[in-house]
$ cat structure33.pdb   # PDB, C-alpha atoms
MODEL        1
ATOM      1  CA  MET A  12      -4.342  -7.115   8.518
ATOM      2  CA  PRO A  13      -1.552  -6.260  10.977
ATOM      3  CA  TYR A  14      -0.362  -2.799  11.949
ATOM      4  CA  TYR A  15       3.260  -1.799  12.318
ATOM      5  CA  ALA A  16       5.301   1.128  13.551
ATOM      6  CA  GLN A  17       8.599   1.511  11.737
ATOM      7  CA  ILE A  18      11.566   2.998  13.582
ATOM      8  CA  ASP A  19      14.818   4.488  12.334
ATOM      9  CA  GLU A  20      18.331   3.806  13.606
ATOM     10  CA  ASN A  21      17.672   6.073  16.608
ATOM     11  CA  GLY A  22      14.472   4.295  17.560
ATOM     12  CA  ILE A  23      12.269   7.138  16.306
ATOM     13  CA  CYS A  24       8.966   6.107  14.712
ATOM     14  CA  PHE A  25       8.715   7.556  11.223
ATOM     15  CA  ALA A  26       5.892   5.449   9.798
ATOM     16  CA  VAL A  27       2.772   3.598  10.853
ATOM     17  CA  THR A  28       1.394   1.096   8.370
ATOM     18  CA  GLN A  29      -1.456  -1.345   7.944
ATOM     19  CA  THR A  30       0.093  -4.049   5.803
ATOM     20  CA  ALA A  31      -1.461  -6.857   3.800
ATOM     21  CA  GLY A  32       0.435  -9.511   5.734
ATOM     22  CA  GLU A  33       2.951 -10.189   8.439
ATOM     23  CA  ILE A  34       6.371  -8.537   8.123
ATOM     24  CA  ASN A  35       9.330  -9.807  10.116
ATOM     25  CA  ARG A  36      11.895  -7.037  10.382
ATOM     26  CA  ALA A  37      13.775  -5.674  13.365
ATOM     27  CA  ASP A  38      12.653  -2.125  12.579
ATOM     28  CA  MET A  39       8.947  -3.039  12.282
ATOM     29  CA  ILE A  40       7.116  -3.158  15.603
ATOM     30  CA  GLU A  41       3.620  -4.610  15.649
ATOM     31  CA  ILE A  42       1.033  -2.250  17.120
ATOM     32  CA  ASP A  43      -2.720  -2.481  17.790
ATOM     33  CA  SER A  44      -3.983   0.157  15.374
ATOM     34  CA  LEU A  45      -2.945   2.779  12.871
ATOM     35  CA  ASP A  46      -1.981   5.071  15.740
ATOM     36  CA  GLU A  47      -0.461   8.254  14.331
ATOM     37  CA  SER A  48       0.154   9.671  17.795
ATOM     38  CA  ILE A  49       3.347   7.626  18.091
ATOM     39  CA  LEU A  50       4.903   9.224  15.016
ATOM     40  CA  LEU A  51       8.226  10.910  15.831
ATOM     41  CA  LYS A  52       8.242   9.299  19.279
ATOM     42  CA  LYS A  53      11.102   7.099  20.471
ATOM     43  CA  TYR A  54      10.657   3.394  21.155
ATOM     44  CA  VAL A  55      12.306   2.636  24.504
ATOM     45  CA  ASN A  56      11.843  -0.685  26.301
ATOM     46  CA  GLY A  57       8.463  -1.329  24.732
ATOM     47  CA  ALA A  58       7.094   2.171  25.304
ATOM     48  CA  TRP A  59       6.834   5.313  23.200
ATOM     49  CA  GLU A  60       8.562   8.368  24.640
ATOM     50  CA  THR A  61       8.201  11.908  23.425
ATOM     51  CA  VAL A  62      11.446  13.298  22.063
ATOM     52  CA  PRO A  63      12.204  16.843  23.239
ATOM     53  CA  GLU A  64      12.075  19.251  20.323
ATOM     54  CA  GLU A  65      15.316  20.891  19.400
ATOM     55  CA  PRO A  66      15.247  24.668  19.207
ATOM     56  CA  GLN A  67      14.357  25.665  15.685
ATOM     57  CA  THR A  68      16.437  28.045  13.666
ATOM     58  CA  GLU A  69      14.985  30.570  11.276
ATOM     59  CA  PRO A  70      14.200  28.821   7.984
ATOM     60  CA  GLU A  71      16.303  29.724   5.027
ATOM     61  CA  PRO A  72      14.458  31.627   2.343
ATOM     62  CA  LEU A  73      13.413  29.567  -0.661
ATOM     63  CA  GLU A  74      14.185  30.640  -4.191
TER
ATOM     64  CA  MET B  25     -34.683 -38.253 -39.442
ATOM     65  CA  PHE B  26     -32.478 -40.327 -37.136
ATOM     66  CA  GLY B  27     -29.369 -38.834 -38.707
ATOM     67  CA  MET B  28     -30.625 -35.340 -38.080
ATOM     68  CA  MET B  29     -31.181 -36.085 -34.352
ATOM     69  CA  GLU B  30     -27.660 -37.478 -34.127
ATOM     70  CA  ALA B  31     -26.272 -34.358 -35.729
ATOM     71  CA  MET B  32     -28.203 -32.115 -33.331
ATOM     72  CA  LEU B  33     -27.037 -34.084 -30.283
ATOM     73  CA  SER B  34     -23.494 -33.915 -31.497
ATOM     74  CA  PHE B  35     -23.816 -30.171 -32.018
ATOM     75  CA  LEU B  36     -25.194 -29.689 -28.479
ATOM     76  CA  ARG B  37     -22.440 -31.815 -26.951
ATOM     77  CA  ARG B  38     -19.865 -29.701 -28.724
ATOM     78  CA  GLN B  39     -21.428 -26.383 -27.794
ATOM     79  CA  ILE B  40     -22.613 -27.080 -24.242
ATOM     80  CA  GLY B  41     -20.251 -29.872 -23.349
ATOM     81  CA  LEU B  42     -20.134 -31.709 -20.017
ATOM     82  CA  ARG B  43     -19.578 -30.507 -16.459
ATOM     83  CA  THR B  44     -16.369 -32.498 -16.454
ATOM     84  CA  ASP B  45     -14.882 -30.527 -19.382
ATOM     85  CA  SER B  46     -11.510 -28.960 -18.572
ATOM     86  CA  ALA B  47     -11.360 -25.171 -18.292
ATOM     87  CA  SER B  48     -10.766 -23.585 -21.669
ATOM     88  CA  ALA B  49     -11.358 -20.157 -23.172
ATOM     89  CA  THR B  50     -12.221 -21.710 -26.519
ATOM     90  CA  GLY B  51     -13.998 -24.937 -25.538
ATOM     91  CA  SER B  52     -17.619 -25.763 -24.787
ATOM     92  CA  ALA B  53     -19.894 -23.588 -22.629
ATOM     93  CA  HIS B  54     -19.016 -25.716 -19.583
ATOM     94  CA  ALA B  55     -15.305 -25.355 -20.345
ATOM     95  CA  LYS B  56     -15.661 -21.578 -20.749
ATOM     96  CA  LEU B  57     -17.558 -21.301 -17.438
ATOM     97  CA  ALA B  58     -14.830 -23.293 -15.684
ATOM     98  CA  HIS B  59     -12.256 -20.989 -17.283
ATOM     99  CA  ILE B  60     -14.058 -17.866 -16.014
ATOM    100  CA  ALA B  61     -14.670 -19.337 -12.540
ATOM    101  CA  GLY B  62     -10.958 -20.004 -12.243
ATOM    102  CA  LYS B  63     -10.054 -16.347 -12.739
ATOM    103  CA  GLU B  64      -8.744 -14.707  -9.560
ATOM    104  CA  ILE B  65     -11.063 -11.739 -10.000
ATOM    105  CA  VAL B  66     -14.102 -14.078  -9.883
ATOM    106  CA  ALA B  67     -12.737 -16.312  -7.123
ATOM    107  CA  ASN B  68     -12.011 -13.275  -4.919
ATOM    108  CA  GLY B  69     -15.192 -11.441  -5.878
ATOM    109  CA  SER B  70     -13.079  -8.324  -6.395
ATOM    110  CA  ALA B  71     -10.466  -6.893  -8.698
ATOM    111  CA  ILE B  72      -8.555  -5.737  -5.633
ATOM    112  CA  LYS B  73      -5.954  -8.102  -4.280
ATOM    113  CA  SER B  74      -4.852  -6.055  -1.269
ATOM    114  CA  ILE B  75      -5.079  -2.631   0.321
ATOM    115  CA  GLN B  76      -2.403  -1.239   2.590
ATOM    116  CA  ARG B  77      -2.378   2.176   4.193
ATOM    117  CA  GLY B  78      -0.090   4.228   6.296
ATOM    118  CA  THR B  79       1.351   7.534   7.398
ATOM    119  CA  ILE B  80       4.949   8.640   7.064
ATOM    120  CA  ALA B  81       6.427  11.324   9.298
ATOM    121  CA  LEU B  82       9.258  13.475   8.022
ATOM    122  CA  GLY B  83      11.208  14.874  10.957
ATOM    123  CA  VAL B  84      12.437  18.443  11.169
ATOM    124  CA  ALA B  85      15.628  17.559   9.316
ATOM    125  CA  ASP B  86      14.247  14.915   6.944
ATOM    126  CA  LYS B  87      13.738  15.407   3.242
ATOM    127  CA  THR B  88      12.955  11.744   2.577
ATOM    128  CA  LYS B  89      11.783   8.647   4.415
ATOM    129  CA  ALA B  90      10.955   5.170   3.099
ATOM    130  CA  ALA B  91       8.291   2.983   4.708
ATOM    131  CA  THR B  92       8.117  -0.796   4.275
ATOM    132  CA  ILE B  93       4.930  -2.494   3.076
ATOM    133  CA  SER B  94       3.971  -6.068   2.245
ATOM    134  CA  PRO B  95       5.179  -7.117  -1.223
ATOM    135  CA  VAL B  96       3.115  -5.940  -4.211
ATOM    136  CA  ILE B  97       3.551  -6.187  -7.961
ATOM    137  CA  THR B  98       4.284  -2.579  -8.916
ATOM    138  CA  GLY B  99       2.806  -3.045 -12.385
ATOM    139  CA  LYS B 100      -0.563  -3.917 -10.860
ATOM    140  CA  THR B 101      -0.526  -1.424  -8.022
ATOM    141  CA  MET B 102      -1.612   2.173  -7.550
ATOM    142  CA  LEU B 103      -0.440   4.535  -4.841
ATOM    143  CA  SER B 104      -2.966   7.067  -3.585
ATOM    144  CA  PHE B 105      -1.838  10.271  -1.930
ATOM    145  CA  LEU B 106      -4.265  11.051   0.895
ATOM    146  CA  GLY B 107      -2.773  14.404   1.850
ATOM    147  CA  THR B 108      -0.052  15.985   3.892
ATOM    148  CA  SER B 109       0.091  18.319   6.841
ATOM    149  CA  SER B 110       2.722  20.352   8.571
ATOM    150  CA  LEU B 111       2.629  22.624  11.564
ATOM    151  CA  THR B 112       4.426  25.823  10.668
ATOM    152  CA  GLY B 113       5.449  28.641  12.934
ATOM    153  CA  ALA B 114       5.549  32.253  11.892
ATOM    154  CA  THR B 115       6.652  31.630   8.345
ATOM    155  CA  ASP B 116       4.999  31.661   4.989
ATOM    156  CA  ARG B 117       7.642  29.500   3.409
ATOM    157  CA  MET B 118       5.827  26.405   2.337
ATOM    158  CA  GLY B 119       8.453  24.247   0.643
ATOM    159  CA  HIS B 120       8.320  21.669   3.408
ATOM    160  CA  HIS B 121       4.606  21.068   2.798
ATOM    161  CA  PHE B 122       4.999  19.845  -0.738
ATOM    162  CA  VAL B 123       5.634  16.166  -0.224
ATOM    163  CA  ARG B 124       5.690  13.664  -3.050
ATOM    164  CA  LEU B 125       5.114   9.921  -2.763
ATOM    165  CA  GLN B 126       6.675   7.146  -4.791
ATOM    166  CA  LEU B 127       6.187   3.395  -4.897
ATOM    167  CA  THR B 128       9.935   2.976  -5.158
ATOM    168  CA  THR B 129       9.918  -0.828  -5.019
ATOM    169  CA  GLY B 130       7.394  -3.584  -4.455
ATOM    170  CA  THR B 131       7.934  -3.222  -0.717
ATOM    171  CA  THR B 132       8.707   0.483  -0.295
ATOM    172  CA  VAL B 133       6.746   3.722  -0.282
ATOM    173  CA  THR B 134       8.986   6.777  -0.195
ATOM    174  CA  ALA B 135       8.023  10.298   0.847
ATOM    175  CA  VAL B 136      10.193  13.072  -0.573
ATOM    176  CA  ARG B 137      10.280  16.835  -0.223
ATOM    177  CA  ASP B 138      12.675  19.426  -1.583
ATOM    178  CA  ALA B 139      13.066  21.425   1.633
ATOM    179  CA  HIS B 140      12.519  20.733   5.306
ATOM    180  CA  ASN B 141      12.856  24.244   6.742
ATOM    181  CA  ASN B 142      13.256  22.668  10.174
ATOM    182  CA  THR B 143       9.608  21.656  10.107
ATOM    183  CA  ALA B 144       8.105  18.181  10.480
ATOM    184  CA  ALA B 145       5.442  16.977   8.067
ATOM    185  CA  THR B 146       3.232  13.923   7.829
ATOM    186  CA  VAL B 147       1.827  12.331   4.698
ATOM    187  CA  SER B 148      -0.786   9.590   4.381
ATOM    188  CA  TYR B 149      -1.241   7.073   1.588
ATOM    189  CA  GLU B 150      -2.999   3.944   0.411
ATOM    190  CA  VAL B 151      -1.454   1.221  -1.718
ATOM    191  CA  ILE B 152      -4.001  -0.721  -3.768
ATOM    192  CA  GLU B 153      -2.893  -3.840  -5.610
ATOM    193  CA  PHE B 154      -5.110  -5.349  -8.269
ATOM    194  CA  VAL B 155      -5.294  -9.005  -9.295
TER
ENDMDL
END

$ encode --input "structure33.pdb" --output "C-alpha cells"
Amino acid sequence: MPYYAQIDENGICFAVTQTAGEINRADMIEIDSLDESILLKKYVNGAWETVPEEPQTEPEPLE
Amino acid sequence: MFGMMEAMLSFLRRQIGLRTDSASATGSAHAKLAHIAGKEIVANGSAIKSIQRGTIALGVADKTKAATISPVITGKTMLSFLGTSSLTGATDRMGHHFVRLQLTTGTTVTAVRDAHNNTAATVSYEVIEFV
C-alpha cells in the first residue's frame, strides 16, 4: 500500500496517508513511509523544508 | 424394492447435487457451497476490504483540512479516530485540541475544529472498509 504526503496551495504538507491504492493527483506526493515529521513542512524541489514559525499572538478567550 | 432405490438416489441427487451445479443459495448442497465460496468475504478470508491510515495537520490558522484517500463505499466504511495532539504554550484554552473527523466523501477525510487559537494540532485516523 503506497504512502503519500498531501500539500496545500503553498506547498505545505498537511496530511500523510497510507492509501489502499495508487492515487494520481498533483497535490499527492509519494513518500516511503507514514512519516509524520514532514507535516507542516514545505515541499521545495523534491525536499522538505521547515517553515519558520510566525510570531504567535495571544489567543482570544473562548466563551 | 427397485423403486425405493430409485427414489433414494433421486433424493440424494436433489439434495447433494453434482460438483458442476451452478452456485445457488437455494439449490443442492454443491450449489450452496459454490454460492458461499463465491462470496467476497470467503474469497478474501476477511470481512475487511481495505484499511487506510493517516495523520492530518491543522496549521496555526487552520480550522479544517481535508485529506484524500483511495475510494471507499461510505456505507460500508468506518472511520476510527486515533487521537489528537497539540503543543500549547502558556495557555489553558483548549478549544484547538478538540478536533472532529468526518468521512465527508468516499475519497475525503476531513478534520474540523471550532477554534485554532494560533496553535497547530495533528489528528490520526484509520479508515476501514468492509466487503

$ resolve_selection --input "structure33.pdb" --expression "the PyMOL selection byres ((chain A) within 6 of (chain B))" --output "mmCIF file with C-alpha atoms, keeping the file's coordinate frame"
data_model
loop_
_atom_site.group_PDB
_atom_site.id
_atom_site.type_symbol
_atom_site.label_atom_id
_atom_site.label_comp_id
_atom_site.auth_asym_id
_atom_site.auth_seq_id
_atom_site.Cartn_x
_atom_site.Cartn_y
_atom_site.Cartn_z
ATOM 1 C CA PHE A 25 8.715 7.556 11.223
ATOM 2 C CA ALA A 26 5.892 5.449 9.798
ATOM 3 C CA VAL A 27 2.772 3.598 10.853
ATOM 4 C CA THR A 28 1.394 1.096 8.370
ATOM 5 C CA GLN A 29 -1.456 -1.345 7.944
ATOM 6 C CA THR A 30 0.093 -4.049 5.803
ATOM 7 C CA ALA A 31 -1.461 -6.857 3.800
ATOM 8 C CA PRO A 70 14.200 28.821 7.984
#

$ resolve_selection --input "structure33.pdb" --expression "the PyMOL selection byres ((chain A and resi 33-40) around 7)" --output "list of chain:residue names"
A:Pro13, A:Tyr15, A:Ala16, A:Gln17, A:Ile18, A:Asp19, A:Gly32, A:Glu41, A:Ile42, B:Ser94

$ closest_residue --input "structure33.pdb" --among "A:Ile23, A:Leu50, A:Thr61, A:Val55" --to "B:Ala145" --atoms "all atoms listed in the file"
A:Leu50

$ resolve_selection --input "structure33.pdb" --expression "the PyMOL selection byres ((chain A and resi 62) around 12)" --output "PDB file with C-alpha atoms, in the coordinates of the input"
ATOM      1  CA  ASN A  21      17.672   6.073  16.608  1.00  0.00           C
ATOM      2  CA  GLY A  22      14.472   4.295  17.560  1.00  0.00           C
ATOM      3  CA  ILE A  23      12.269   7.138  16.306  1.00  0.00           C
ATOM      4  CA  CYS A  24       8.966   6.107  14.712  1.00  0.00           C
ATOM      5  CA  ILE A  49       3.347   7.626  18.091  1.00  0.00           C
ATOM      6  CA  LEU A  50       4.903   9.224  15.016  1.00  0.00           C
ATOM      7  CA  LEU A  51       8.226  10.910  15.831  1.00  0.00           C
ATOM      8  CA  LYS A  52       8.242   9.299  19.279  1.00  0.00           C
ATOM      9  CA  LYS A  53      11.102   7.099  20.471  1.00  0.00           C
ATOM     10  CA  TYR A  54      10.657   3.394  21.155  1.00  0.00           C
ATOM     11  CA  VAL A  55      12.306   2.636  24.504  1.00  0.00           C
ATOM     12  CA  TRP A  59       6.834   5.313  23.200  1.00  0.00           C
ATOM     13  CA  GLU A  60       8.562   8.368  24.640  1.00  0.00           C
ATOM     14  CA  THR A  61       8.201  11.908  23.425  1.00  0.00           C
ATOM     15  CA  PRO A  63      12.204  16.843  23.239  1.00  0.00           C
ATOM     16  CA  GLU A  64      12.075  19.251  20.323  1.00  0.00           C
ATOM     17  CA  GLU A  65      15.316  20.891  19.400  1.00  0.00           C
TER      18      GLU A  65
ATOM     19  CA  GLY B  83      11.208  14.874  10.957  1.00  0.00           C
TER      20      GLY B  83
END

$ closest_residue --input "structure33.pdb" --among "B:Ala53, B:Leu42, B:Met102, B:Ala67" --to "B:Ile152" --atoms "all atoms listed in the file"
B:Met102

$ residues_around --input "structure33.pdb" --residues "stretch 45-47 of chain B" --least-positions-apart "4" --cutoff "7 Å" --atoms "all atoms listed in the file" --output "list in words"
Gly41, His54, Ala55, Lys56, Ala58 and His59 of chain B

$ atom_distance --input "structure33.pdb" --atom1 "atom CA of A:Ser44" --atom2 "atom CA of A:Glu20"
22.7 Å

$ closest_residue --input "structure33.pdb" --among "B:Phe26, B:Thr98, B:Ala61, B:Arg137" --to "B:Ser48" --atoms "only C-alpha atoms"
B:Ala61

$ atom_distance --input "structure33.pdb" --atom1 "atom CA of B:Val155" --atom2 "atom CA of B:Thr101"
9.0 Å

$ decode --input "structure33.pdb" --residues "stretch 66-125 of chain B" --atoms "C-alpha atoms" --output "PDB file, in the first residue's frame"
ATOM      1  CA  VAL B  66     -14.850 -16.067   1.908  1.00  0.00           C
ATOM      2  CA  ALA B  67     -12.672 -15.422  -1.143  1.00  0.00           C
ATOM      3  CA  ASN B  68     -10.710 -12.732   0.733  1.00  0.00           C
ATOM      4  CA  GLY B  69     -10.641 -14.641   4.012  1.00  0.00           C
ATOM      5  CA  SER B  70     -11.685 -11.427   5.751  1.00  0.00           C
ATOM      6  CA  ALA B  71     -14.623  -9.099   6.107  1.00  0.00           C
ATOM      7  CA  ILE B  72     -12.234  -6.189   5.648  1.00  0.00           C
ATOM      8  CA  LYS B  73     -11.768  -4.934   2.128  1.00  0.00           C
ATOM      9  CA  SER B  74      -9.170  -2.247   2.834  1.00  0.00           C
ATOM     10  CA  ILE B  75      -7.504  -0.291   5.608  1.00  0.00           C
ATOM     11  CA  GLN B  76      -6.095   3.176   5.117  1.00  0.00           C
ATOM     12  CA  ARG B  77      -4.491   5.338   7.761  1.00  0.00           C
ATOM     13  CA  GLY B  78      -3.111   8.784   8.052  1.00  0.00           C
ATOM     14  CA  THR B  79      -2.406  11.935  10.002  1.00  0.00           C
ATOM     15  CA  ILE B  80      -3.762  15.384   9.265  1.00  0.00           C
ATOM     16  CA  ALA B  81      -2.003  18.519  10.469  1.00  0.00           C
ATOM     17  CA  LEU B  82      -4.008  21.645  11.161  1.00  0.00           C
ATOM     18  CA  GLY B  83      -1.749  24.681  10.914  1.00  0.00           C
ATOM     19  CA  VAL B  84      -1.825  27.575  13.344  1.00  0.00           C
ATOM     20  CA  ALA B  85      -4.559  29.300  11.357  1.00  0.00           C
ATOM     21  CA  ASP B  86      -6.479  26.231  10.164  1.00  0.00           C
ATOM     22  CA  LYS B  87      -9.852  25.167  11.467  1.00  0.00           C
ATOM     23  CA  THR B  88     -10.342  22.481   8.819  1.00  0.00           C
ATOM     24  CA  LYS B  89      -8.314  20.372   6.415  1.00  0.00           C
ATOM     25  CA  ALA B  90      -9.409  17.587   4.058  1.00  0.00           C
ATOM     26  CA  ALA B  91      -7.136  14.661   3.196  1.00  0.00           C
ATOM     27  CA  THR B  92      -7.587  12.473   0.113  1.00  0.00           C
ATOM     28  CA  ILE B  93      -7.830   8.687   0.406  1.00  0.00           C
ATOM     29  CA  SER B  94      -8.425   5.862  -2.054  1.00  0.00           C
ATOM     30  CA  PRO B  95     -12.118   5.478  -2.944  1.00  0.00           C
ATOM     31  CA  VAL B  96     -14.334   3.659  -0.423  1.00  0.00           C
ATOM     32  CA  ILE B  97     -18.050   2.983  -0.203  1.00  0.00           C
ATOM     33  CA  THR B  98     -19.093   5.207   2.701  1.00  0.00           C
ATOM     34  CA  GLY B  99     -21.980   2.910   3.612  1.00  0.00           C
ATOM     35  CA  LYS B 100     -19.547   0.059   4.234  1.00  0.00           C
ATOM     36  CA  THR B 101     -16.789   2.055   5.868  1.00  0.00           C
ATOM     37  CA  MET B 102     -15.931   3.123   9.399  1.00  0.00           C
ATOM     38  CA  LEU B 103     -13.635   5.956  10.394  1.00  0.00           C
ATOM     39  CA  SER B 104     -11.628   5.480  13.575  1.00  0.00           C
ATOM     40  CA  PHE B 105     -10.305   8.455  15.493  1.00  0.00           C
ATOM     41  CA  LEU B 106      -6.871   7.540  16.854  1.00  0.00           C
ATOM     42  CA  GLY B 107      -6.321  10.721  18.844  1.00  0.00           C
ATOM     43  CA  THR B 108      -5.138  14.268  18.532  1.00  0.00           C
ATOM     44  CA  SER B 109      -2.309  16.298  19.960  1.00  0.00           C
ATOM     45  CA  SER B 110      -1.387  19.927  20.133  1.00  0.00           C
ATOM     46  CA  LEU B 111       1.553  21.742  21.614  1.00  0.00           C
ATOM     47  CA  THR B 112       0.241  24.647  23.642  1.00  0.00           C
ATOM     48  CA  GLY B 113       2.170  27.484  25.176  1.00  0.00           C
ATOM     49  CA  ALA B 114       1.231  29.168  28.404  1.00  0.00           C
ATOM     50  CA  THR B 115      -2.497  28.897  27.943  1.00  0.00           C
ATOM     51  CA  ASP B 116      -5.213  26.739  29.346  1.00  0.00           C
ATOM     52  CA  ARG B 117      -7.554  27.423  26.482  1.00  0.00           C
ATOM     53  CA  MET B 118      -8.115  24.080  24.890  1.00  0.00           C
ATOM     54  CA  GLY B 119     -10.561  24.724  22.058  1.00  0.00           C
ATOM     55  CA  HIS B 120      -7.942  23.961  19.436  1.00  0.00           C
ATOM     56  CA  HIS B 121      -7.440  20.447  20.824  1.00  0.00           C
ATOM     57  CA  PHE B 122     -10.962  19.287  20.190  1.00  0.00           C
ATOM     58  CA  VAL B 123     -10.746  18.046  16.638  1.00  0.00           C
ATOM     59  CA  ARG B 124     -13.521  16.122  14.949  1.00  0.00           C
ATOM     60  CA  LEU B 125     -13.165  13.797  11.968  1.00  0.00           C
TER      61      LEU B 125
END
